[in-house]
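Have a look at structure_28.pdb; it's PDB, C-alpha atoms:
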```pdb
ATOM      1  CA  MET A   1       3.141 -54.355   2.024
ATOM      2  CA  PRO A   2       6.817 -55.373   1.599
ATOM      3  CA  THR A   3       8.284 -55.235  -1.868
ATOM      4  CA  VAL A   4       9.249 -58.938  -1.778
ATOM      5  CA  ARG A   5       7.358 -61.712   0.007
ATOM      6  CA  LEU A   6       8.606 -65.317   0.102
ATOM      7  CA  GLU A   7       6.708 -68.514   0.870
ATOM      8  CA  ILE A   8       7.925 -72.118   1.010
ATOM      9  CA  ALA A   9       5.114 -74.591   0.297
ATOM     10  CA  ILE A  10       5.828 -78.320   0.814
ATOM     11  CA  THR A  11       3.369 -80.128  -1.432
ATOM     12  CA  ASN A  12       3.854 -83.852  -0.626
ATOM     13  CA  SER A  13       3.533 -83.702   3.191
ATOM     14  CA  ALA A  14       0.797 -81.770   4.971
ATOM     15  CA  ASP A  15       2.520 -81.999   8.374
ATOM     16  CA  GLY A  16       6.137 -81.541   7.226
ATOM     17  CA  ILE A  17       7.160 -85.081   8.262
ATOM     18  CA  PHE A  18       9.356 -87.191   5.985
ATOM     19  CA  TYR A  19      11.129 -90.558   6.053
ATOM     20  CA  PRO A  20      14.699 -91.252   4.887
ATOM     21  CA  GLY A  21      14.718 -92.167   1.195
ATOM     22  CA  GLN A  22      11.554 -90.149   0.513
ATOM     23  CA  GLU A  23      11.452 -87.259  -1.957
ATOM     24  CA  LEU A  24      10.799 -83.762  -0.626
ATOM     25  CA  ILE A  25       8.726 -81.780  -3.150
ATOM     26  CA  GLY A  26       7.472 -78.219  -2.992
ATOM     27  CA  ASP A  27       7.427 -74.689  -4.377
ATOM     28  CA  VAL A  28       9.053 -71.409  -3.488
ATOM     29  CA  VAL A  29       6.534 -68.646  -4.166
ATOM     30  CA  VAL A  30       7.859 -65.101  -4.730
ATOM     31  CA  THR A  31       5.387 -62.208  -4.652
ATOM     32  CA  LEU A  32       6.651 -58.831  -5.929
ATOM     33  CA  ALA A  33       4.616 -55.743  -5.028
ATOM     34  CA  LYS A  34       6.464 -53.818  -7.734
ATOM     35  CA  SER A  35       9.102 -54.470 -10.357
ATOM     36  CA  CYS A  36      12.404 -55.576  -8.866
ATOM     37  CA  THR A  37      15.941 -56.290 -10.067
ATOM     38  CA  VAL A  38      16.857 -59.908  -9.246
ATOM     39  CA  SER A  39      20.255 -61.656  -9.122
ATOM     40  CA  LYS A  40      19.007 -65.158  -8.318
ATOM     41  CA  LEU A  41      16.686 -67.271  -6.156
ATOM     42  CA  ILE A  42      18.334 -70.088  -4.178
ATOM     43  CA  LEU A  43      16.842 -72.887  -2.079
ATOM     44  CA  THR A  44      19.190 -74.570   0.416
ATOM     45  CA  ILE A  45      18.280 -77.752   2.327
ATOM     46  CA  PHE A  46      20.072 -78.400   5.613
ATOM     47  CA  GLY A  47      20.355 -81.274   8.076
ATOM     48  CA  VAL A  48      22.629 -80.683  11.091
ATOM     49  CA  GLY A  49      23.213 -82.253  14.505
ATOM     50  CA  LYS A  50      24.763 -80.199  17.317
ATOM     51  CA  THR A  51      25.694 -80.772  20.950
ATOM     52  CA  LYS A  52      26.848 -78.332  23.609
ATOM     53  CA  TRP A  53      27.328 -78.443  27.377
ATOM     54  CA  TYR A  54      29.584 -76.918  30.016
ATOM     55  CA  GLU A  55      31.913 -78.579  32.525
ATOM     56  CA  ARG A  56      33.921 -76.990  35.288
ATOM     57  CA  SER A  57      37.690 -77.237  35.146
ATOM     58  CA  ALA A  58      40.071 -76.481  38.014
ATOM     59  CA  GLY A  59      41.559 -73.042  37.498
ATOM     60  CA  ARG A  60      39.909 -72.518  34.101
ATOM     61  CA  GLY A  61      36.267 -71.925  34.975
ATOM     62  CA  SER A  62      33.643 -73.521  32.732
ATOM     63  CA  ILE A  63      34.656 -75.195  29.483
ATOM     64  CA  ALA A  64      32.180 -75.509  26.612
ATOM     65  CA  TYR A  65      32.147 -78.904  24.905
ATOM     66  CA  ARG A  66      30.745 -78.912  21.377
ATOM     67  CA  GLY A  67      29.959 -81.406  18.669
ATOM     68  CA  LYS A  68      28.609 -80.899  15.161
ATOM     69  CA  GLU A  69      27.719 -83.190  12.284
ATOM     70  CA  ARG A  70      26.183 -82.397   8.906
ATOM     71  CA  TYR A  71      23.761 -84.943   7.416
ATOM     72  CA  LEU A  72      22.297 -82.996   4.512
ATOM     73  CA  TYR A  73      23.302 -80.009   2.401
ATOM     74  CA  SER A  74      21.810 -79.325  -1.002
ATOM     75  CA  GLU A  75      21.721 -76.000  -2.841
ATOM     76  CA  LEU A  76      19.275 -75.518  -5.713
ATOM     77  CA  VAL A  77      19.332 -72.422  -7.945
ATOM     78  CA  LEU A  78      15.657 -71.949  -8.794
ATOM     79  CA  PHE A  79      16.041 -68.779 -10.863
ATOM     80  CA  GLN A  80      19.017 -66.876 -12.271
ATOM     81  CA  PRO A  81      19.238 -64.554 -15.318
ATOM     82  CA  GLN A  82      21.771 -65.766 -17.864
ATOM     83  CA  ASP A  83      24.150 -62.783 -18.059
ATOM     84  CA  LYS A  84      23.361 -60.181 -15.411
ATOM     85  CA  PRO A  85      20.652 -59.213 -12.902
ATOM     86  CA  ALA A  86      17.309 -58.747 -14.611
ATOM     87  CA  GLU A  87      14.283 -56.530 -13.986
ATOM     88  CA  ILE A  88      11.267 -58.666 -13.045
ATOM     89  CA  PRO A  89       7.755 -57.149 -13.254
ATOM     90  CA  ALA A  90       5.417 -57.133 -10.253
ATOM     91  CA  GLY A  91       3.463 -60.346  -9.785
ATOM     92  CA  CYS A  92       3.466 -63.793  -8.182
ATOM     93  CA  TYR A  93       6.023 -66.392  -9.336
ATOM     94  CA  SER A  94       6.217 -70.058  -8.312
ATOM     95  CA  HIS A  95       9.407 -72.125  -8.628
ATOM     96  CA  GLY A  96       9.170 -75.887  -8.029
ATOM     97  CA  PHE A  97      11.839 -78.023  -6.375
ATOM     98  CA  ALA A  98      12.453 -81.673  -5.485
ATOM     99  CA  CYS A  99      15.148 -83.317  -3.356
ATOM    100  CA  LEU A 100      15.661 -87.018  -2.632
ATOM    101  CA  LEU A 101      16.437 -87.458   1.076
ATOM    102  CA  PRO A 102      19.328 -89.879   1.841
ATOM    103  CA  ASP A 103      18.537 -93.233   3.484
ATOM    104  CA  SER A 104      21.094 -92.593   6.231
ATOM    105  CA  LEU A 105      19.426 -89.544   7.833
ATOM    106  CA  PRO A 106      18.951 -89.767  11.618
ATOM    107  CA  ALA A 107      15.580 -88.823  13.090
ATOM    108  CA  SER A 108      14.844 -85.276  14.242
ATOM    109  CA  PHE A 109      15.574 -84.730  17.926
ATOM    110  CA  GLU A 110      15.400 -81.927  20.486
ATOM    111  CA  GLY A 111      17.253 -82.225  23.797
ATOM    112  CA  LYS A 112      18.669 -80.016  26.516
ATOM    113  CA  ARG A 113      22.274 -80.563  25.407
ATOM    114  CA  GLY A 114      21.816 -81.161  21.706
ATOM    115  CA  HIS A 115      19.512 -81.458  18.729
ATOM    116  CA  ILE A 116      19.132 -82.844  15.204
ATOM    117  CA  ARG A 117      17.306 -80.405  12.913
ATOM    118  CA  TYR A 118      16.304 -80.144   9.266
ATOM    119  CA  TRP A 119      15.189 -77.010   7.455
ATOM    120  CA  LEU A 120      14.773 -75.265   4.112
ATOM    121  CA  LYS A 121      16.095 -71.753   3.398
ATOM    122  CA  ALA A 122      14.972 -69.648   0.459
ATOM    123  CA  THR A 123      17.243 -66.709  -0.449
ATOM    124  CA  PHE A 124      16.102 -63.977  -2.860
ATOM    125  CA  GLU A 125      19.216 -62.053  -3.919
ATOM    126  CA  ARG A 126      19.092 -58.471  -5.259
ATOM    127  CA  PRO A 127      22.113 -56.393  -6.370
ATOM    128  CA  TRP A 128      23.161 -53.737  -3.871
ATOM    129  CA  ARG A 129      20.334 -54.717  -1.549
ATOM    130  CA  GLN A 130      20.063 -57.016   1.461
ATOM    131  CA  SER A 131      18.868 -60.476   0.494
ATOM    132  CA  LYS A 132      15.364 -61.573   1.455
ATOM    133  CA  VAL A 133      15.595 -64.857   3.431
ATOM    134  CA  LEU A 134      12.938 -67.285   4.678
ATOM    135  CA  SER A 135      13.509 -70.536   6.614
ATOM    136  CA  GLN A 136      11.093 -73.412   7.273
ATOM    137  CA  ASN A 137      11.655 -76.559   9.347
ATOM    138  CA  PHE A 138      10.698 -80.115   8.473
ATOM    139  CA  GLN A 139      11.079 -83.345  10.450
ATOM    140  CA  ILE A 140      12.638 -86.723   9.755
ATOM    141  CA  VAL A 141      11.099 -89.840  11.306
ATOM    142  CA  ARG A 142      12.783 -93.249  11.132
ATOM    143  CA  GLN A 143      10.865 -96.529  11.044
ATOM    144  CA  LEU A 144      13.041 -99.031  12.931
ATOM    145  CA  ASP A 145      11.999-102.539  11.856
ATOM    146  CA  LEU A 146      12.793-105.077  14.574
ATOM    147  CA  ASN A 147      12.792-107.843  11.946
ATOM    148  CA  ASP A 148      16.063-106.346  10.661
ATOM    149  CA  GLU A 149      17.719-106.407  14.097
ATOM    150  CA  MET A 150      19.684-109.193  15.798
ATOM    151  CA  LEU A 151      17.433-109.877  18.795
ATOM    152  CA  LEU A 152      18.305-112.632  21.258
ATOM    153  CA  PRO A 153      17.170-113.701  24.739
ATOM    154  CA  VAL A 154      19.181-111.888  27.402
ATOM    155  CA  ARG A 155      19.983-112.525  31.066
ATOM    156  CA  SER A 156      21.923-110.598  33.681
ATOM    157  CA  ASP A 157      22.916-111.794  37.174
ATOM    158  CA  LEU A 158      23.820-110.025  40.399
ATOM    159  CA  THR A 159      25.524-111.196  43.577
ATOM    160  CA  LYS A 160      26.040-108.677  46.371
ATOM    161  CA  THR A 161      27.357-109.325  49.881
ATOM    162  CA  PHE A 162      26.464-106.721  52.514
ATOM    163  CA  GLY A 163      28.302-105.884  55.712
ATOM    164  CA  TYR A 164      29.833-103.061  57.725
ATOM    165  CA  TRP A 165      33.232-104.688  57.290
ATOM    166  CA  SER A 166      34.344-107.202  54.733
ATOM    167  CA  CYS A 167      35.026-109.742  57.483
ATOM    168  CA  VAL A 168      31.552-109.345  59.061
ATOM    169  CA  PRO A 169      28.978-109.902  56.296
ATOM    170  CA  SER A 170      25.307-109.331  57.140
ATOM    171  CA  GLY A 171      23.812-111.148  54.161
ATOM    172  CA  THR A 172      23.997-111.810  50.450
ATOM    173  CA  LEU A 173      21.577-110.880  47.676
ATOM    174  CA  TYR A 174      21.335-113.142  44.643
ATOM    175  CA  ALA A 175      19.259-111.839  41.738
ATOM    176  CA  SER A 176      18.807-112.319  38.022
ATOM    177  CA  VAL A 177      16.699-110.734  35.287
ATOM    178  CA  GLU A 178      15.858-112.574  32.074
ATOM    179  CA  LEU A 179      14.106-111.412  28.871
ATOM    180  CA  PRO A 180      12.889-113.689  26.038
ATOM    181  CA  THR A 181      14.053-111.088  23.480
ATOM    182  CA  SER A 182      15.809-107.725  23.503
ATOM    183  CA  GLY A 183      13.505-105.819  21.099
ATOM    184  CA  PHE A 184      10.082-104.248  21.669
ATOM    185  CA  VAL A 185       7.739-101.616  20.193
ATOM    186  CA  PRO A 186       5.357 -99.157  21.911
ATOM    187  CA  GLY A 187       2.268-100.921  23.233
ATOM    188  CA  GLN A 188       4.037-104.229  23.843
ATOM    189  CA  TYR A 189       4.859-105.613  27.272
ATOM    190  CA  ILE A 190       8.425-106.313  28.356
ATOM    191  CA  PRO A 191       8.122-109.626  30.252
ATOM    192  CA  ALA A 192      10.973-109.516  32.756
ATOM    193  CA  LEU A 193      11.523-112.775  34.617
ATOM    194  CA  ILE A 194      13.052-111.758  37.954
ATOM    195  CA  GLN A 195      14.550-114.234  40.387
ATOM    196  CA  VAL A 196      15.584-113.127  43.882
ATOM    197  CA  ASN A 197      17.141-114.876  46.839
ATOM    198  CA  ASN A 198      17.959-112.620  49.792
ATOM    199  CA  LYS A 199      19.979-114.507  52.402
ATOM    200  CA  GLY A 200      20.732-112.665  55.598
ATOM    201  CA  LYS A 201      19.355-110.004  57.907
ATOM    202  CA  ASN A 202      18.892-107.223  55.337
ATOM    203  CA  LYS A 203      15.281-106.633  54.320
ATOM    204  CA  LEU A 204      14.378-106.237  50.651
ATOM    205  CA  SER A 205      11.809-103.423  50.884
ATOM    206  CA  ARG A 206      10.716-103.233  47.241
ATOM    207  CA  ILE A 207      11.702-103.886  43.649
ATOM    208  CA  VAL A 208      11.338-101.207  40.960
ATOM    209  CA  THR A 209      11.279-102.195  37.268
ATOM    210  CA  MET A 210      11.947 -99.304  34.867
ATOM    211  CA  LEU A 211      12.329 -98.618  31.171
ATOM    212  CA  VAL A 212      15.032 -95.961  30.931
ATOM    213  CA  GLN A 213      15.842 -93.803  27.914
ATOM    214  CA  LYS A 214      19.590 -93.265  27.575
ATOM    215  CA  ILE A 215      20.674 -90.239  25.523
ATOM    216  CA  THR A 216      24.377 -89.980  24.723
ATOM    217  CA  TYR A 217      25.706 -86.572  23.634
ATOM    218  CA  ASN A 218      29.131 -86.605  21.973
ATOM    219  CA  ALA A 219      31.505 -83.639  21.662
ATOM    220  CA  ARG A 220      34.695 -83.277  19.620
ATOM    221  CA  LYS A 221      35.955 -79.888  20.820
ATOM    222  CA  PRO A 222      38.037 -78.952  22.756
ATOM    223  CA  LYS A 223      38.503 -82.733  23.041
ATOM    224  CA  ALA A 224      36.438 -85.874  22.633
ATOM    225  CA  SER A 225      33.935 -86.200  25.472
ATOM    226  CA  GLN A 226      30.537 -87.708  26.283
ATOM    227  CA  LYS A 227      27.565 -86.682  28.382
ATOM    228  CA  VAL A 228      25.002 -89.386  29.186
ATOM    229  CA  LYS A 229      21.541 -88.522  30.470
ATOM    230  CA  ARG A 230      18.977 -91.094  31.582
ATOM    231  CA  PHE A 231      15.207 -90.587  31.831
ATOM    232  CA  ILE A 232      12.643 -92.993  33.268
ATOM    233  CA  VAL A 233       9.858 -93.387  30.706
ATOM    234  CA  CYS A 234       7.758 -95.897  32.690
ATOM    235  CA  LYS A 235       8.064 -98.071  35.789
ATOM    236  CA  ASN A 236       6.381-100.648  38.009
ATOM    237  CA  ILE A 237       6.867-100.750  41.782
ATOM    238  CA  THR A 238       6.443-103.867  43.878
ATOM    239  CA  PRO A 239       6.270-102.636  47.517
ATOM    240  CA  GLU A 240       6.717-104.505  50.790
ATOM    241  CA  ILE A 241       7.479-107.928  49.409
ATOM    242  CA  THR A 242       8.543-110.895  51.474
ATOM    243  CA  LEU A 243      10.824-113.596  50.210
ATOM    244  CA  PRO A 244      10.160-117.154  51.298
ATOM    245  CA  GLU A 245      13.005-119.573  51.928
ATOM    246  CA  GLY A 246      14.678-120.363  48.641
ATOM    247  CA  GLY A 247      13.805-117.027  47.042
ATOM    248  CA  VAL A 248      11.060-116.084  44.650
ATOM    249  CA  LEU A 249      10.521-116.202  40.901
ATOM    250  CA  ALA A 250       8.210-113.613  39.374
ATOM    251  CA  ALA A 251       7.187-112.075  36.055
ATOM    252  CA  GLU A 252       6.987-108.272  35.932
ATOM    253  CA  ASN A 253       5.413-106.997  32.710
ATOM    254  CA  LEU A 254       6.197-103.393  31.802
ATOM    255  CA  GLN A 255       4.214-101.823  28.953
ATOM    256  CA  VAL A 256       6.234 -99.667  26.555
ATOM    257  CA  PRO A 257       4.726 -96.177  25.994
ATOM    258  CA  TRP A 258       5.213 -94.124  22.838
ATOM    259  CA  VAL A 259       8.880 -93.088  22.703
ATOM    260  CA  LEU A 260      11.430 -92.305  20.012
ATOM    261  CA  PRO A 261      12.971 -95.496  18.593
ATOM    262  CA  THR A 262      16.532 -96.555  19.268
ATOM    263  CA  SER A 263      18.860 -94.545  17.026
ATOM    264  CA  SER A 264      22.581 -94.793  16.297
ATOM    265  CA  TYR A 265      22.614 -93.045  12.913
ATOM    266  CA  SER A 266      24.106 -89.877  14.413
ATOM    267  CA  GLN A 267      27.604 -89.552  15.843
ATOM    268  CA  VAL A 268      26.704 -86.590  18.066
ATOM    269  CA  VAL A 269      23.339 -87.719  19.526
ATOM    270  CA  GLU A 270      22.512 -91.388  20.183
ATOM    271  CA  ILE A 271      19.273 -92.724  21.677
ATOM    272  CA  GLY A 272      19.224 -96.045  23.511
ATOM    273  CA  TYR A 273      17.147 -97.853  26.120
ATOM    274  CA  GLU A 274      17.721-100.052  29.164
ATOM    275  CA  LEU A 275      15.499-102.214  31.286
ATOM    276  CA  VAL A 276      16.604-101.385  34.836
ATOM    277  CA  VAL A 277      15.601-103.442  37.864
ATOM    278  CA  GLU A 278      16.406-101.804  41.208
ATOM    279  CA  PHE A 279      16.457-103.836  44.407
ATOM    280  CA  GLU A 280      15.885-101.504  47.344
ATOM    281  CA  ILE A 281      17.455-102.737  50.584
ATOM    282  CA  ASP A 282      16.148-101.549  53.954
ATOM    283  CA  THR A 283      19.455-101.005  55.740
ATOM    284  CA  CYS A 284      21.588 -98.208  57.148
ATOM    285  CA  LEU A 285      24.407 -99.096  54.766
ATOM    286  CA  PHE A 286      25.300 -96.348  52.279
ATOM    287  CA  ASN A 287      24.363 -97.027  48.617
ATOM    288  CA  ALA A 288      22.924-100.435  49.476
ATOM    289  CA  ASN A 289      20.403-100.449  46.605
ATOM    290  CA  GLN A 290      21.441-102.659  43.705
ATOM    291  CA  LEU A 291      20.746-102.339  39.981
ATOM    292  CA  ILE A 292      20.610-104.718  37.053
ATOM    293  CA  ARG A 293      20.715-103.012  33.634
ATOM    294  CA  ILE A 294      19.834-104.787  30.394
ATOM    295  CA  PRO A 295      20.100-102.936  27.034
ATOM    296  CA  VAL A 296      16.948-103.232  24.910
ATOM    297  CA  VAL A 297      15.996-102.017  21.432
ATOM    298  CA  ILE A 298      12.816 -99.986  20.980
ATOM    299  CA  GLY A 299      11.548-100.076  17.412
ATOM    300  CA  VAL A 300       8.490 -99.105  15.399
ATOM    301  CA  ILE A 301       7.685-102.260  13.391
ATOM    302  CA  PRO A 302       7.315-105.369  15.626
ATOM    303  CA  THR A 303       8.775-108.775  14.910
ATOM    304  CA  ARG A 304       6.627-111.341  13.122
ATOM    305  CA  ASP A 305       6.162-113.292  16.368
ATOM    306  CA  ALA A 306       5.118-110.168  18.302
ATOM    307  CA  TYR A 307       1.930-111.876  19.451
ATOM    308  CA  LEU A 308       4.052-113.706  22.016
ATOM    309  CA  MET A 309       4.558-110.374  23.824
ATOM    310  CA  GLU A 310       0.865-109.471  23.899
ATOM    311  CA  SER A 311      -0.127-110.582  27.401
ATOM    312  CA  ASN A 312      -1.631-109.077  30.493
ATOM    313  CA  ALA A 313       0.583-107.998  33.348
ATOM    314  CA  ILE A 314       1.395-110.890  35.694
ATOM    315  CA  ARG A 315       2.509-110.190  39.247
ATOM    316  CA  LEU A 316       3.438-113.202  41.325
ATOM    317  CA  TRP A 317       5.273-111.515  44.185
ATOM    318  CA  THR A 318       4.473-112.824  47.660
ATOM    319  CA  GLN A 319       2.752-109.853  49.266
ATOM    320  CA  LYS A 320       3.340-108.914  52.876
ATOM    321  CA  SER A 321       0.263-109.497  55.061
TER     322      SER A 321
END
```

Could you write out this structure as structure tokens?
Amino acid sequence: MPTVRLEIAITNSADGIFYPGQELIGDVVVTLAKSCTVSKLILTIFGVGKTKWYERSAGRGSIAYRGKERYLYSELVLFQPQDKPAEIPAGCYSHGFACLLPDSLPASFEGKRGHIRYWLKATFERPWRQSKVLSQNFQIVRQLDLNDEMLLPVRSDLTKTFGYWSCVPSGTLYASVELPTSGFVPGQYIPALIQVNNKGKNKLSRIVTMLVQKITYNARKPKASQKVKRFIVCKNITPEITLPEGGVLAAENLQVPWVLPTSSYSQVVEIGYELVVEFEIDTCLFNANQLIRIPVVIGVIPTRDAYLMESNAIRLWTQKS
């Protein structure tokens, strides 16, 4: 059995999950197998966000881009003899601690190019001996209330003329996507009103409606830079549609799965969302597919009129026979 054994016990959260503004309470338990000379016992609480990725540079190989931001640092001296290191008899000793977590903490996050982490570190210092150290993670979860956000109806339009040469157009695509609000929570439907008018010879093969998570990693060294990664969290596909003369108007309802809420509390890792509607064109033209992107907010607490979003999926596309 080791001479010194440390344990960090969080007493007001069984799963180690906390919210900003909540108090973190616990004990550091020190078990001594035999008497030991002690300098002090310290508990340090950390909250740090980091980003890192590599980019190739002509003649310089790969360059590492890094970002770092500190959200929380608190050092508590739980035990320290008054004048000099003291001899402590064998036994088990418990030292309580409490720390109020700031309201501004971003949520915990783990990504390929960055993370936001929180942890506790207990350090048992002995003179002329290596310190005994123990670390333990905890998580921060944010409750984004959509009632506190500025949410408005949104609409985005698209006009695209196709052709092998600018003077010989082969058709024009007119499209628009409209949302009654820009904020949603998991379980709700996003009712996208899509209007399409495809004039010309190009065939519109299908329309794909997607909710896309947009993660923005920010670096400060060696210079300011950004890396944006997008992930499709859910989608609906409307295959082989035909468009009657005058176009078509349809409602495409996309149900939001459980995802992390929108977050802009960190300067190194930001989480956002977009509703993306892709119009796939059946043509030999390069990059003919067209996109409409609409930023949306994903929260945790729905708006007071959330019942308006609780509807079954409606699909009014004219299907090909």

Let me have the centre and edge lengths in Å, one decimal, of the box along x, y and z around every listed atom of segment 122-139 of chain A with 5 Å of margin on each side, as JSON.
```
{"center_x": 16.9, "center_y": -68.5, "center_z": 2.0, "size_x": 22.5, "size_y": 39.6, "size_z": 26.8}
```

- Task: Point out the residue among A:Asn197, A:Thr303, A:Asn289, A:Gln143 with the least atom-to-atom distance to Pro261 of chain A, counting only C-alpha atoms.
- Result: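 Closest candidate: A:Gln143.
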
- Taking all atoms listed in the file into account, which of A:Thr11, A:Gln255, A:Gln226, A:Ser131 comes nearest Val38 of chain A?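 Among the listed residues, A:Ser131 lies closest to Val38 of chain A.
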
- Between atom CA of Trp258 of chain A and atom CA of Val154 of chain A - distance in Å to one decimal: 23.1 Å

Contact residues around segment 1-8 of chain A with all atoms listed in the file at 9 Å, ignoring same-chain residues under 6 positions, as a PDB file with C-alpha atoms, in the frame of the given file:
```
ATOM      1  CA  GLY A  26       7.472 -78.219  -2.992  1.00  0.00           C
ATOM      2  CA  ASP A  27       7.427 -74.689  -4.377  1.00  0.00           C
ATOM      3  CA  VAL A  28       9.053 -71.409  -3.488  1.00  0.00           C
ATOM      4  CA  VAL A  29       6.534 -68.646  -4.166  1.00  0.00           C
ATOM      5  CA  VAL A  30       7.859 -65.101  -4.730  1.00  0.00           C
ATOM      6  CA  THR A  31       5.387 -62.208  -4.652  1.00  0.00           C
ATOM      7  CA  LEU A  32       6.651 -58.831  -5.929  1.00  0.00           C
ATOM      8  CA  ALA A  33       4.616 -55.743  -5.028  1.00  0.00           C
ATOM      9  CA  LYS A  34       6.464 -53.818  -7.734  1.00  0.00           C
ATOM     10  CA  SER A  35       9.102 -54.470 -10.357  1.00  0.00           C
ATOM     11  CA  CYS A  36      12.404 -55.576  -8.866  1.00  0.00           C
ATOM     12  CA  LEU A 120      14.773 -75.265   4.112  1.00  0.00           C
ATOM     13  CA  LYS A 121      16.095 -71.753   3.398  1.00  0.00           C
ATOM     14  CA  ALA A 122      14.972 -69.648   0.459  1.00  0.00           C
ATOM     15  CA  THR A 123      17.243 -66.709  -0.449  1.00  0.00           C
ATOM     16  CA  PHE A 124      16.102 -63.977  -2.860  1.00  0.00           C
ATOM     17  CA  LYS A 132      15.364 -61.573   1.455  1.00  0.00           C
ATOM     18  CA  VAL A 133      15.595 -64.857   3.431  1.00  0.00           C
ATOM     19  CA  LEU A 134      12.938 -67.285   4.678  1.00  0.00           C
ATOM     20  CA  SER A 135      13.509 -70.536   6.614  1.00  0.00           C
ATOM     21  CA  GLN A 136      11.093 -73.412   7.273  1.00  0.00           C
TER      22      GLN A 136
END
```

Write out as a PDB file with C-alpha atoms, keeping the file's coordinate frame the residues lying within 9 Å of Met150 of chain A, counting all atoms listed in the file and excluding same-chain residues fewer than 2 positions away.
```pdb
ATOM      1  CA  LEU A 146      12.793-105.077  14.574  1.00  0.00           C
ATOM      2  CA  ASN A 147      12.792-107.843  11.946  1.00  0.00           C
ATOM      3  CA  ASP A 148      16.063-106.346  10.661  1.00  0.00           C
ATOM      4  CA  LEU A 152      18.305-112.632  21.258  1.00  0.00           C
ATOM      5  CA  SER A 182      15.809-107.725  23.503  1.00  0.00           C
ATOM      6  CA  GLY A 183      13.505-105.819  21.099  1.00  0.00           C
TER       7      GLY A 183
END
```

- Query: Just so the selection is clear, what residues does the PyMOL selection byres ((chain A and resi 208) around 8) cover here, as a ChimeraX atom specification?
  - Reply: /A:206-207,209-210,235-238,277-280

- atom CA of Tyr118 of chain A to atom CA of Ser264 of chain A: how many Å, to one decimal? 17.4 Å

- Item | Selected residue of minimal separation from Ile190 of chain A among A:Leu204, A:Cys234, A:Ile88, A:Leu105, counting all atoms listed in the file | A:Cys234

- Pick from A:Pro222, A:Gly171, A:Gly47, A:Gly114: nearest to Ala288 of chain A, with only C-alpha atoms counted?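 When distances to Ala288 of chain A are compared using only C-alpha atoms, the smallest one comes from A:Gly171.
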
- Message: Going by the chain IDs and residue numbers used in this file, which residues fall under the PyMOL selection byres ((chain A and resi 274) around 7)? Write them as a ChimeraX atom specification.
- Response: /A:211-213,273,275-276,293-296

- Could you write out as number ranges by chain the residues that the PyMOL selection byres ((chain A and resi 138) around 10) matches in the shown file? A: 10, 13, 15-18, 24, 46-47, 108, 117-120, 136-137, 139-140

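From atom CA of Ala9 of chain A back to atom CA of Ile25 of chain A, the distance works out to 8.8 Å.
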
- Restricting the calculation to all atoms listed in the file, which member of A:Phe184, A:Val259, A:Glu23, A:Gln130 is positioned closest to Glu149 of chain A?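 The closest residue to Glu149 of chain A is A:Phe184.
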
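If you count all atoms listed in the file and ignore residues fewer than 4 places along the chain from Asp157 of chain A, what sits within 7 Å of it is Ala175, Ser176 and Val177 of chain A.
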
Write the residues you've just listed into a file as a tab-separated table (two decimals), keeping the file's coordinate frame, and include C-alpha atoms for each of them.
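Written output follows (part-v1.tsv):
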```tsv
chain	number	residue	atom	x	y	z
A	175	ALA	CA	19.26	-111.84	41.74
A	176	SER	CA	18.81	-112.32	38.02
A	177	VAL	CA	16.70	-110.73	35.29
```
